[in-house]
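For reference, my_file-v9.txt (compact mmCIF, N, CA, C and O atoms):
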```txt
# COMPACT_ATOMS: atom_id res chain seq x y z
N MET L 156 -6.17 -16.86 -1.09
CA MET L 156 -6.22 -15.61 -1.81
C MET L 156 -6.41 -15.90 -3.29
O MET L 156 -5.84 -16.83 -3.81
N ILE L 157 -7.18 -15.09 -3.94
CA ILE L 157 -7.40 -15.23 -5.37
C ILE L 157 -6.65 -14.11 -6.08
O ILE L 157 -6.78 -12.95 -5.72
N PHE L 158 -5.84 -14.46 -7.07
CA PHE L 158 -5.08 -13.49 -7.82
C PHE L 158 -5.80 -13.13 -9.11
O PHE L 158 -6.40 -13.99 -9.74
N PRO L 159 -5.70 -11.84 -9.52
CA PRO L 159 -6.19 -11.51 -10.86
C PRO L 159 -5.40 -12.30 -11.90
O PRO L 159 -4.26 -12.69 -11.65
N LYS L 160 -5.98 -12.51 -13.06
CA LYS L 160 -5.33 -13.32 -14.10
C LYS L 160 -3.93 -12.84 -14.44
O LYS L 160 -3.04 -13.65 -14.69
N GLU L 161 -3.70 -11.52 -14.43
CA GLU L 161 -2.38 -11.02 -14.80
C GLU L 161 -1.30 -11.43 -13.81
O GLU L 161 -0.12 -11.46 -14.15
N CYS L 162 -1.66 -11.78 -12.58
CA CYS L 162 -0.66 -12.22 -11.60
C CYS L 162 -0.14 -13.62 -11.91
O CYS L 162 0.96 -13.96 -11.51
N TYR L 163 -0.93 -14.42 -12.59
CA TYR L 163 -0.51 -15.79 -12.86
C TYR L 163 0.73 -15.88 -13.75
O TYR L 163 1.45 -16.86 -13.71
N LYS L 164 1.02 -14.83 -14.50
CA LYS L 164 2.21 -14.86 -15.34
C LYS L 164 3.49 -14.87 -14.51
O LYS L 164 4.54 -15.21 -15.01
N TYR L 165 3.40 -14.52 -13.22
CA TYR L 165 4.58 -14.51 -12.35
C TYR L 165 4.76 -15.82 -11.60
O TYR L 165 5.76 -16.01 -10.95
N ILE L 166 3.77 -16.67 -11.63
CA ILE L 166 3.84 -17.92 -10.89
C ILE L 166 4.62 -18.94 -11.70
O ILE L 166 4.30 -19.22 -12.85
N LYS L 167 5.65 -19.48 -11.09
CA LYS L 167 6.50 -20.47 -11.76
C LYS L 167 6.02 -21.86 -11.38
O LYS L 167 5.97 -22.21 -10.21
N LYS L 168 5.64 -22.63 -12.37
CA LYS L 168 5.20 -24.01 -12.11
C LYS L 168 6.40 -24.85 -11.67
O LYS L 168 7.47 -24.75 -12.26
N PRO L 169 6.23 -25.67 -10.64
CA PRO L 169 7.35 -26.51 -10.21
C PRO L 169 7.73 -27.53 -11.27
O PRO L 169 6.87 -28.13 -11.89
N LYS L 170 9.03 -27.67 -11.49
CA LYS L 170 9.52 -28.65 -12.46
C LYS L 170 9.66 -30.02 -11.82
O LYS L 170 9.55 -31.03 -12.46
N LYS L 171 9.93 -30.01 -10.53
CA LYS L 171 10.06 -31.28 -9.81
C LYS L 171 9.53 -31.09 -8.39
O LYS L 171 9.43 -29.97 -7.90
N GLU L 172 9.20 -32.17 -7.75
CA GLU L 172 8.66 -32.11 -6.40
C GLU L 172 9.64 -31.43 -5.46
O GLU L 172 10.84 -31.67 -5.51
N GLY L 173 9.12 -30.54 -4.62
CA GLY L 173 9.95 -29.85 -3.65
C GLY L 173 10.47 -28.51 -4.14
O GLY L 173 10.99 -27.72 -3.37
N GLU L 174 10.33 -28.22 -5.44
CA GLU L 174 10.77 -26.93 -5.96
C GLU L 174 9.69 -25.89 -5.67
O GLU L 174 8.52 -26.15 -5.84
N ASN L 175 10.10 -24.71 -5.22
CA ASN L 175 9.15 -23.68 -4.86
C ASN L 175 8.44 -23.12 -6.09
O ASN L 175 9.03 -22.94 -7.13
N ILE L 176 7.15 -22.85 -5.93
CA ILE L 176 6.36 -22.27 -7.00
C ILE L 176 6.81 -20.83 -7.25
O ILE L 176 6.92 -20.39 -8.36
N CYS L 177 7.07 -20.10 -6.20
CA CYS L 177 7.30 -18.67 -6.31
C CYS L 177 8.67 -18.32 -5.72
O CYS L 177 8.89 -18.44 -4.53
N ARG L 178 9.59 -17.90 -6.58
CA ARG L 178 10.92 -17.50 -6.12
C ARG L 178 10.82 -16.16 -5.41
O ARG L 178 9.84 -15.44 -5.54
N LYS L 179 11.86 -15.80 -4.66
CA LYS L 179 11.86 -14.56 -3.88
C LYS L 179 11.68 -13.34 -4.78
O LYS L 179 10.90 -12.44 -4.47
N ASP L 180 12.37 -13.29 -5.92
CA ASP L 180 12.22 -12.15 -6.82
C ASP L 180 10.82 -12.07 -7.40
O ASP L 180 10.26 -10.98 -7.58
N THR L 181 10.21 -13.21 -7.66
CA THR L 181 8.84 -13.24 -8.16
C THR L 181 7.87 -12.78 -7.09
O THR L 181 6.97 -11.98 -7.34
N LEU L 182 8.07 -13.24 -5.86
CA LEU L 182 7.24 -12.83 -4.74
C LEU L 182 7.33 -11.32 -4.54
O LEU L 182 6.31 -10.65 -4.37
N ASN L 183 8.54 -10.77 -4.60
CA ASN L 183 8.72 -9.33 -4.44
C ASN L 183 7.99 -8.56 -5.53
O ASN L 183 7.39 -7.51 -5.26
N LYS L 184 8.02 -9.06 -6.75
CA LYS L 184 7.32 -8.39 -7.86
C LYS L 184 5.82 -8.43 -7.65
O LYS L 184 5.14 -7.42 -7.85
N ILE L 185 5.29 -9.57 -7.24
CA ILE L 185 3.86 -9.69 -6.96
C ILE L 185 3.45 -8.72 -5.86
O ILE L 185 2.46 -8.00 -5.99
N LEU L 186 4.22 -8.69 -4.76
CA LEU L 186 3.88 -7.81 -3.64
C LEU L 186 3.99 -6.35 -4.02
O LEU L 186 3.18 -5.52 -3.60
N SER L 187 4.99 -6.01 -4.82
CA SER L 187 5.16 -4.64 -5.28
C SER L 187 3.97 -4.19 -6.12
O SER L 187 3.42 -3.10 -5.92
N GLU L 188 3.55 -5.03 -7.06
CA GLU L 188 2.41 -4.69 -7.91
C GLU L 188 1.12 -4.63 -7.10
O GLU L 188 0.27 -3.77 -7.33
N LEU L 189 0.98 -5.54 -6.15
CA LEU L 189 -0.20 -5.52 -5.27
C LEU L 189 -0.24 -4.21 -4.49
O LEU L 189 -1.28 -3.56 -4.40
N SER L 190 0.91 -3.80 -3.96
CA SER L 190 0.98 -2.55 -3.20
C SER L 190 0.64 -1.35 -4.07
O SER L 190 -0.15 -0.48 -3.68
N GLU L 191 1.23 -1.28 -5.26
CA GLU L 191 0.97 -0.17 -6.18
C GLU L 191 -0.51 -0.09 -6.56
O GLU L 191 -1.10 0.99 -6.54
N ASN L 192 -1.09 -1.22 -6.89
CA ASN L 192 -2.50 -1.23 -7.29
C ASN L 192 -3.42 -0.94 -6.11
O ASN L 192 -4.46 -0.28 -6.28
N SER L 193 -3.05 -1.38 -4.93
CA SER L 193 -3.84 -1.10 -3.73
C SER L 193 -3.80 0.39 -3.40
O SER L 193 -4.81 0.97 -2.99
N LYS L 194 -2.64 1.03 -3.62
CA LYS L 194 -2.54 2.48 -3.41
C LYS L 194 -3.45 3.25 -4.37
O LYS L 194 -4.03 4.26 -4.01
N LYS L 195 -3.57 2.76 -5.60
CA LYS L 195 -4.46 3.39 -6.57
C LYS L 195 -5.91 3.30 -6.12
O LYS L 195 -6.70 4.21 -6.34
N ILE L 196 -6.26 2.18 -5.50
CA ILE L 196 -7.64 1.96 -5.06
C ILE L 196 -7.94 2.71 -3.76
O ILE L 196 -8.94 3.40 -3.65
N PHE L 197 -7.06 2.57 -2.75
CA PHE L 197 -7.33 3.10 -1.42
C PHE L 197 -6.67 4.44 -1.13
O PHE L 197 -7.02 5.10 -0.15
N GLY L 198 -5.71 4.84 -1.94
CA GLY L 198 -5.02 6.12 -1.73
C GLY L 198 -4.38 6.18 -0.35
O GLY L 198 -3.77 5.23 0.11
N GLY L 199 -4.58 7.31 0.32
CA GLY L 199 -4.00 7.53 1.65
C GLY L 199 -4.61 6.68 2.74
O GLY L 199 -4.10 6.64 3.87
N LYS L 200 -5.70 5.98 2.44
CA LYS L 200 -6.32 5.10 3.43
C LYS L 200 -5.52 3.82 3.64
O LYS L 200 -5.65 3.17 4.67
N LEU L 201 -4.71 3.45 2.64
CA LEU L 201 -3.89 2.24 2.76
C LEU L 201 -2.73 2.52 3.72
O LEU L 201 -1.92 3.40 3.50
N LYS L 202 -2.68 1.77 4.79
CA LYS L 202 -1.65 1.97 5.81
C LYS L 202 -0.51 0.97 5.70
O LYS L 202 0.64 1.32 5.89
N LYS L 203 -0.82 -0.30 5.44
CA LYS L 203 0.21 -1.33 5.36
C LYS L 203 -0.22 -2.46 4.43
O LYS L 203 -1.41 -2.74 4.31
N VAL L 204 0.76 -3.09 3.81
CA VAL L 204 0.57 -4.34 3.08
C VAL L 204 1.48 -5.34 3.79
O VAL L 204 2.69 -5.16 3.85
N ILE L 205 0.88 -6.38 4.36
CA ILE L 205 1.63 -7.31 5.21
C ILE L 205 1.59 -8.72 4.63
O ILE L 205 0.52 -9.25 4.34
N LEU L 206 2.77 -9.30 4.46
CA LEU L 206 2.88 -10.70 4.04
C LEU L 206 2.73 -11.59 5.27
O LEU L 206 3.38 -11.38 6.29
N LEU L 207 1.84 -12.57 5.17
CA LEU L 207 1.56 -13.48 6.28
C LEU L 207 1.83 -14.93 5.86
O LEU L 207 2.18 -15.20 4.72
N GLY L 208 1.64 -15.83 6.77
CA GLY L 208 1.67 -17.25 6.45
C GLY L 208 3.05 -17.82 6.19
O GLY L 208 4.07 -17.31 6.66
N LEU L 209 3.07 -18.91 5.42
CA LEU L 209 4.30 -19.66 5.19
C LEU L 209 5.36 -18.87 4.44
O LEU L 209 6.55 -19.01 4.70
N TYR L 210 4.94 -18.02 3.49
CA TYR L 210 5.93 -17.21 2.77
C TYR L 210 6.59 -16.20 3.71
O TYR L 210 7.78 -15.93 3.60
N ALA L 211 5.85 -15.66 4.65
CA ALA L 211 6.42 -14.72 5.61
C ALA L 211 7.39 -15.42 6.56
O ALA L 211 8.41 -14.86 6.95
N ARG L 212 7.07 -16.66 6.92
CA ARG L 212 7.91 -17.41 7.86
C ARG L 212 9.04 -18.16 7.17
O ARG L 212 9.93 -18.69 7.82
N GLY L 213 8.97 -18.26 5.84
CA GLY L 213 10.02 -18.95 5.10
C GLY L 213 9.85 -20.46 5.04
O GLY L 213 10.75 -21.16 4.61
N GLY L 214 8.69 -20.96 5.42
CA GLY L 214 8.47 -22.41 5.43
C GLY L 214 7.57 -22.88 4.31
O GLY L 214 6.90 -23.88 4.43
N TYR L 215 7.56 -22.17 3.19
CA TYR L 215 6.66 -22.49 2.09
C TYR L 215 7.18 -23.65 1.25
O TYR L 215 8.34 -23.99 1.28
N ASP L 216 6.25 -24.27 0.53
CA ASP L 216 6.60 -25.35 -0.40
C ASP L 216 5.77 -25.20 -1.66
O ASP L 216 5.10 -24.19 -1.85
N ASP L 217 5.79 -26.19 -2.53
CA ASP L 217 5.10 -26.07 -3.82
C ASP L 217 3.58 -26.10 -3.71
O ASP L 217 2.89 -25.89 -4.68
N GLU L 218 3.04 -26.33 -2.53
CA GLU L 218 1.60 -26.31 -2.31
C GLU L 218 1.13 -25.03 -1.61
O GLU L 218 -0.06 -24.83 -1.41
N SER L 219 2.05 -24.15 -1.23
CA SER L 219 1.72 -22.98 -0.43
C SER L 219 1.08 -21.87 -1.26
O SER L 219 1.45 -21.65 -2.42
N ASP L 220 0.14 -21.19 -0.64
CA ASP L 220 -0.42 -19.99 -1.26
C ASP L 220 0.28 -18.78 -0.65
O ASP L 220 1.11 -18.91 0.25
N ILE L 221 -0.01 -17.60 -1.16
CA ILE L 221 0.60 -16.37 -0.66
C ILE L 221 -0.49 -15.61 0.09
O ILE L 221 -1.51 -15.23 -0.50
N ASP L 222 -0.28 -15.42 1.39
CA ASP L 222 -1.26 -14.75 2.24
C ASP L 222 -0.83 -13.31 2.47
O ASP L 222 0.30 -13.06 2.92
N VAL L 223 -1.73 -12.37 2.17
CA VAL L 223 -1.43 -10.95 2.32
C VAL L 223 -2.60 -10.27 3.02
O VAL L 223 -3.76 -10.60 2.77
N MET L 224 -2.27 -9.33 3.92
CA MET L 224 -3.28 -8.54 4.59
C MET L 224 -3.08 -7.07 4.23
O MET L 224 -1.95 -6.58 4.29
N LEU L 225 -4.15 -6.41 3.85
CA LEU L 225 -4.09 -4.97 3.61
C LEU L 225 -4.73 -4.27 4.81
O LEU L 225 -5.85 -4.58 5.18
N MET L 226 -3.98 -3.35 5.40
CA MET L 226 -4.53 -2.55 6.50
C MET L 226 -4.99 -1.22 5.89
O MET L 226 -4.17 -0.46 5.38
N VAL L 227 -6.29 -0.97 5.99
CA VAL L 227 -6.90 0.21 5.38
C VAL L 227 -7.68 0.96 6.46
O VAL L 227 -8.46 0.36 7.18
N ASP L 228 -7.43 2.26 6.55
CA ASP L 228 -8.15 3.11 7.50
C ASP L 228 -9.45 3.56 6.84
O ASP L 228 -9.45 4.48 6.02
N MET L 229 -10.53 2.92 7.17
CA MET L 229 -11.82 3.23 6.56
C MET L 229 -12.56 4.35 7.27
O MET L 229 -13.66 4.71 6.89
N SER L 230 -11.95 4.92 8.31
CA SER L 230 -12.61 5.99 9.05
C SER L 230 -12.52 7.34 8.33
O SER L 230 -13.22 8.28 8.69
N LYS L 231 -11.64 7.45 7.36
CA LYS L 231 -11.46 8.72 6.64
C LYS L 231 -12.51 8.89 5.56
O LYS L 231 -12.91 8.01 4.90
```
What does this structure look like when you write it as structure tokens?
Amino acid sequence: MIFPKECYKYIKKPKKEGENICRKDTLNKILSELSENSKKIFGGKLKKVILLGLYARGGYDDESDIDVMLMVDMSK
């Protein structure tokens, strides 16, 4: 996934090996802003914002990316 430049301010660089890049509060802020901005774009067509991958399963490390799926009803 590619983040807009403004999202990079929330990414915490690891200080030492094994330290997570993105803390839970940071992840929640990123997902919240993604959801809000997606609602502005898709309006009522946006049905769900789903966290996938290692962050969803809790097995992430300092090399993990954040995988998100937007479910949008394009039939409207």
For atom N of Tyr210 in chain L and atom O of Val223 in chain L, the interatomic separation in Å (one decimal):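 Separating atom N of Tyr210 in chain L from atom O of Val223 in chain L is a distance of 11.5 Å.
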Atom O of Ile205 in chain L and atom N of Leu225 in chain L are how many Å apart? 5.5 Å
Shell of 12 Å around Ser230 in chain L, only C-alpha atoms, local chain residues under 5 positions omitted, as a PDB file with N, CA, C and O atoms, in the frame of the given file:
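Done, and the output landed in part_29.pdb:
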```pdb
ATOM      1  N   GLY L 199      -4.580   7.310   0.320  1.00  0.00           N
ATOM      2  CA  GLY L 199      -4.000   7.530   1.650  1.00  0.00           C
ATOM      3  C   GLY L 199      -4.610   6.680   2.740  1.00  0.00           C
ATOM      4  O   GLY L 199      -4.100   6.640   3.870  1.00  0.00           O
ATOM      5  N   LYS L 200      -5.700   5.980   2.440  1.00  0.00           N
ATOM      6  CA  LYS L 200      -6.320   5.100   3.430  1.00  0.00           C
ATOM      7  C   LYS L 200      -5.520   3.820   3.640  1.00  0.00           C
ATOM      8  O   LYS L 200      -5.650   3.170   4.670  1.00  0.00           O
ATOM      9  N   LEU L 201      -4.710   3.450   2.640  1.00  0.00           N
ATOM     10  CA  LEU L 201      -3.890   2.240   2.760  1.00  0.00           C
ATOM     11  C   LEU L 201      -2.730   2.520   3.720  1.00  0.00           C
ATOM     12  O   LEU L 201      -1.920   3.400   3.500  1.00  0.00           O
TER      13      LEU L 201
END
```
Counting only C-alpha atoms, what is within 9 Å of Val204 in chain L, bar same-chain residues fewer than 5 positions away, as a list in words?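 Result of the neighbour search: Leu186, Leu189, Ser190, Ser193, Val223, Met224, Leu225 and Met226 of chain L.
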Atom C of Gly198 in chain L to atom O of Asp228 in chain L: how many Å, to one decimal?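 Distance reported for this atom pair: 8.3 Å.
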Assuming the input is short of atoms at range 175-186 of chain L, produce all heavy atoms for that part as a PDB file, keeping the file's coordinate frame.
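The result, written out as part-v5.pdb:
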```
ATOM      1  N   ASN L 175      10.100 -24.710  -5.220  1.00  0.00           N
ATOM      2  CA  ASN L 175       9.150 -23.680  -4.860  1.00  0.00           C
ATOM      3  C   ASN L 175       8.440 -23.120  -6.090  1.00  0.00           C
ATOM      4  O   ASN L 175       9.030 -22.940  -7.130  1.00  0.00           O
ATOM      5  CB  ASN L 175       9.857 -22.528  -4.145  1.00  0.00           C
ATOM      6  CG  ASN L 175      10.443 -22.973  -2.838  1.00  0.00           C
ATOM      7  OD1 ASN L 175       9.909 -23.846  -2.181  1.00  0.00           O
ATOM      8  ND2 ASN L 175      11.544 -22.390  -2.464  1.00  0.00           N
ATOM      9  N   ILE L 176       7.150 -22.850  -5.930  1.00  0.00           N
ATOM     10  CA  ILE L 176       6.360 -22.270  -7.000  1.00  0.00           C
ATOM     11  C   ILE L 176       6.810 -20.830  -7.250  1.00  0.00           C
ATOM     12  O   ILE L 176       6.920 -20.390  -8.360  1.00  0.00           O
ATOM     13  CB  ILE L 176       4.861 -22.294  -6.642  1.00  0.00           C
ATOM     14  CG1 ILE L 176       4.348 -23.719  -6.672  1.00  0.00           C
ATOM     15  CG2 ILE L 176       4.064 -21.425  -7.584  1.00  0.00           C
ATOM     16  CD1 ILE L 176       2.913 -23.864  -6.257  1.00  0.00           C
ATOM     17  N   CYS L 177       7.070 -20.100  -6.200  1.00  0.00           N
ATOM     18  CA  CYS L 177       7.300 -18.670  -6.310  1.00  0.00           C
ATOM     19  C   CYS L 177       8.670 -18.320  -5.720  1.00  0.00           C
ATOM     20  O   CYS L 177       8.890 -18.440  -4.530  1.00  0.00           O
ATOM     21  CB  CYS L 177       6.197 -17.938  -5.556  1.00  0.00           C
ATOM     22  SG  CYS L 177       6.191 -16.180  -5.732  1.00  0.00           S
ATOM     23  N   ARG L 178       9.590 -17.900  -6.580  1.00  0.00           N
ATOM     24  CA  ARG L 178      10.920 -17.500  -6.120  1.00  0.00           C
ATOM     25  C   ARG L 178      10.820 -16.160  -5.410  1.00  0.00           C
ATOM     26  O   ARG L 178       9.840 -15.440  -5.540  1.00  0.00           O
ATOM     27  CB  ARG L 178      11.872 -17.385  -7.295  1.00  0.00           C
ATOM     28  CG  ARG L 178      12.082 -18.668  -8.066  1.00  0.00           C
ATOM     29  CD  ARG L 178      13.115 -18.495  -9.170  1.00  0.00           C
ATOM     30  NE  ARG L 178      13.008 -17.224  -9.872  1.00  0.00           N
ATOM     31  CZ  ARG L 178      12.447 -17.076 -11.067  1.00  0.00           C
ATOM     32  NH1 ARG L 178      11.933 -18.106 -11.699  1.00  0.00           N
ATOM     33  NH2 ARG L 178      12.400 -15.889 -11.640  1.00  0.00           N
ATOM     34  N   LYS L 179      11.860 -15.800  -4.660  1.00  0.00           N
ATOM     35  CA  LYS L 179      11.860 -14.560  -3.880  1.00  0.00           C
ATOM     36  C   LYS L 179      11.680 -13.340  -4.780  1.00  0.00           C
ATOM     37  O   LYS L 179      10.900 -12.440  -4.470  1.00  0.00           O
ATOM     38  CB  LYS L 179      13.146 -14.437  -3.068  1.00  0.00           C
ATOM     39  CG  LYS L 179      13.125 -13.281  -2.109  1.00  0.00           C
ATOM     40  CD  LYS L 179      14.350 -13.285  -1.214  1.00  0.00           C
ATOM     41  CE  LYS L 179      14.270 -12.150  -0.219  1.00  0.00           C
ATOM     42  NZ  LYS L 179      15.384 -12.148   0.708  1.00  0.00           N
ATOM     43  N   ASP L 180      12.370 -13.290  -5.920  1.00  0.00           N
ATOM     44  CA  ASP L 180      12.220 -12.150  -6.820  1.00  0.00           C
ATOM     45  C   ASP L 180      10.820 -12.070  -7.400  1.00  0.00           C
ATOM     46  O   ASP L 180      10.260 -10.980  -7.580  1.00  0.00           O
ATOM     47  CB  ASP L 180      13.282 -12.164  -7.927  1.00  0.00           C
ATOM     48  CG  ASP L 180      13.218 -13.400  -8.807  1.00  0.00           C
ATOM     49  OD1 ASP L 180      12.864 -14.481  -8.315  1.00  0.00           O
ATOM     50  OD2 ASP L 180      13.550 -13.275  -9.999  1.00  0.00           O
ATOM     51  N   THR L 181      10.210 -13.210  -7.660  1.00  0.00           N
ATOM     52  CA  THR L 181       8.840 -13.240  -8.160  1.00  0.00           C
ATOM     53  C   THR L 181       7.870 -12.780  -7.090  1.00  0.00           C
ATOM     54  O   THR L 181       6.970 -11.980  -7.340  1.00  0.00           O
ATOM     55  CB  THR L 181       8.470 -14.661  -8.622  1.00  0.00           C
ATOM     56  OG1 THR L 181       9.420 -15.093  -9.587  1.00  0.00           O
ATOM     57  CG2 THR L 181       7.077 -14.708  -9.213  1.00  0.00           C
ATOM     58  N   LEU L 182       8.070 -13.240  -5.860  1.00  0.00           N
ATOM     59  CA  LEU L 182       7.240 -12.830  -4.740  1.00  0.00           C
ATOM     60  C   LEU L 182       7.330 -11.320  -4.540  1.00  0.00           C
ATOM     61  O   LEU L 182       6.310 -10.650  -4.370  1.00  0.00           O
ATOM     62  CB  LEU L 182       7.654 -13.568  -3.468  1.00  0.00           C
ATOM     63  CG  LEU L 182       6.899 -13.191  -2.199  1.00  0.00           C
ATOM     64  CD1 LEU L 182       5.421 -13.549  -2.322  1.00  0.00           C
ATOM     65  CD2 LEU L 182       7.529 -13.880  -0.999  1.00  0.00           C
ATOM     66  N   ASN L 183       8.540 -10.770  -4.600  1.00  0.00           N
ATOM     67  CA  ASN L 183       8.720  -9.330  -4.440  1.00  0.00           C
ATOM     68  C   ASN L 183       7.990  -8.560  -5.530  1.00  0.00           C
ATOM     69  O   ASN L 183       7.390  -7.510  -5.260  1.00  0.00           O
ATOM     70  CB  ASN L 183      10.199  -8.964  -4.413  1.00  0.00           C
ATOM     71  CG  ASN L 183      10.870  -9.395  -3.134  1.00  0.00           C
ATOM     72  OD1 ASN L 183      10.229  -9.588  -2.118  1.00  0.00           O
ATOM     73  ND2 ASN L 183      12.179  -9.563  -3.187  1.00  0.00           N
ATOM     74  N   LYS L 184       8.020  -9.060  -6.750  1.00  0.00           N
ATOM     75  CA  LYS L 184       7.320  -8.390  -7.860  1.00  0.00           C
ATOM     76  C   LYS L 184       5.820  -8.430  -7.650  1.00  0.00           C
ATOM     77  O   LYS L 184       5.140  -7.420  -7.850  1.00  0.00           O
ATOM     78  CB  LYS L 184       7.705  -9.044  -9.185  1.00  0.00           C
ATOM     79  CG  LYS L 184       7.133  -8.331 -10.388  1.00  0.00           C
ATOM     80  CD  LYS L 184       7.833  -8.768 -11.642  1.00  0.00           C
ATOM     81  CE  LYS L 184       7.266  -8.090 -12.856  1.00  0.00           C
ATOM     82  NZ  LYS L 184       7.688  -6.727 -13.054  1.00  0.00           N
ATOM     83  N   ILE L 185       5.290  -9.570  -7.240  1.00  0.00           N
ATOM     84  CA  ILE L 185       3.860  -9.690  -6.960  1.00  0.00           C
ATOM     85  C   ILE L 185       3.450  -8.720  -5.860  1.00  0.00           C
ATOM     86  O   ILE L 185       2.460  -8.000  -5.990  1.00  0.00           O
ATOM     87  CB  ILE L 185       3.489 -11.137  -6.582  1.00  0.00           C
ATOM     88  CG1 ILE L 185       3.617 -12.062  -7.786  1.00  0.00           C
ATOM     89  CG2 ILE L 185       2.066 -11.205  -6.014  1.00  0.00           C
ATOM     90  CD1 ILE L 185       3.519 -13.529  -7.452  1.00  0.00           C
ATOM     91  N   LEU L 186       4.220  -8.690  -4.760  1.00  0.00           N
ATOM     92  CA  LEU L 186       3.880  -7.810  -3.640  1.00  0.00           C
ATOM     93  C   LEU L 186       3.990  -6.350  -4.020  1.00  0.00           C
ATOM     94  O   LEU L 186       3.180  -5.520  -3.600  1.00  0.00           O
ATOM     95  CB  LEU L 186       4.759  -8.134  -2.435  1.00  0.00           C
ATOM     96  CG  LEU L 186       4.538  -9.506  -1.815  1.00  0.00           C
ATOM     97  CD1 LEU L 186       5.558  -9.759  -0.704  1.00  0.00           C
ATOM     98  CD2 LEU L 186       3.118  -9.650  -1.294  1.00  0.00           C
TER      99      LEU L 186
END
```
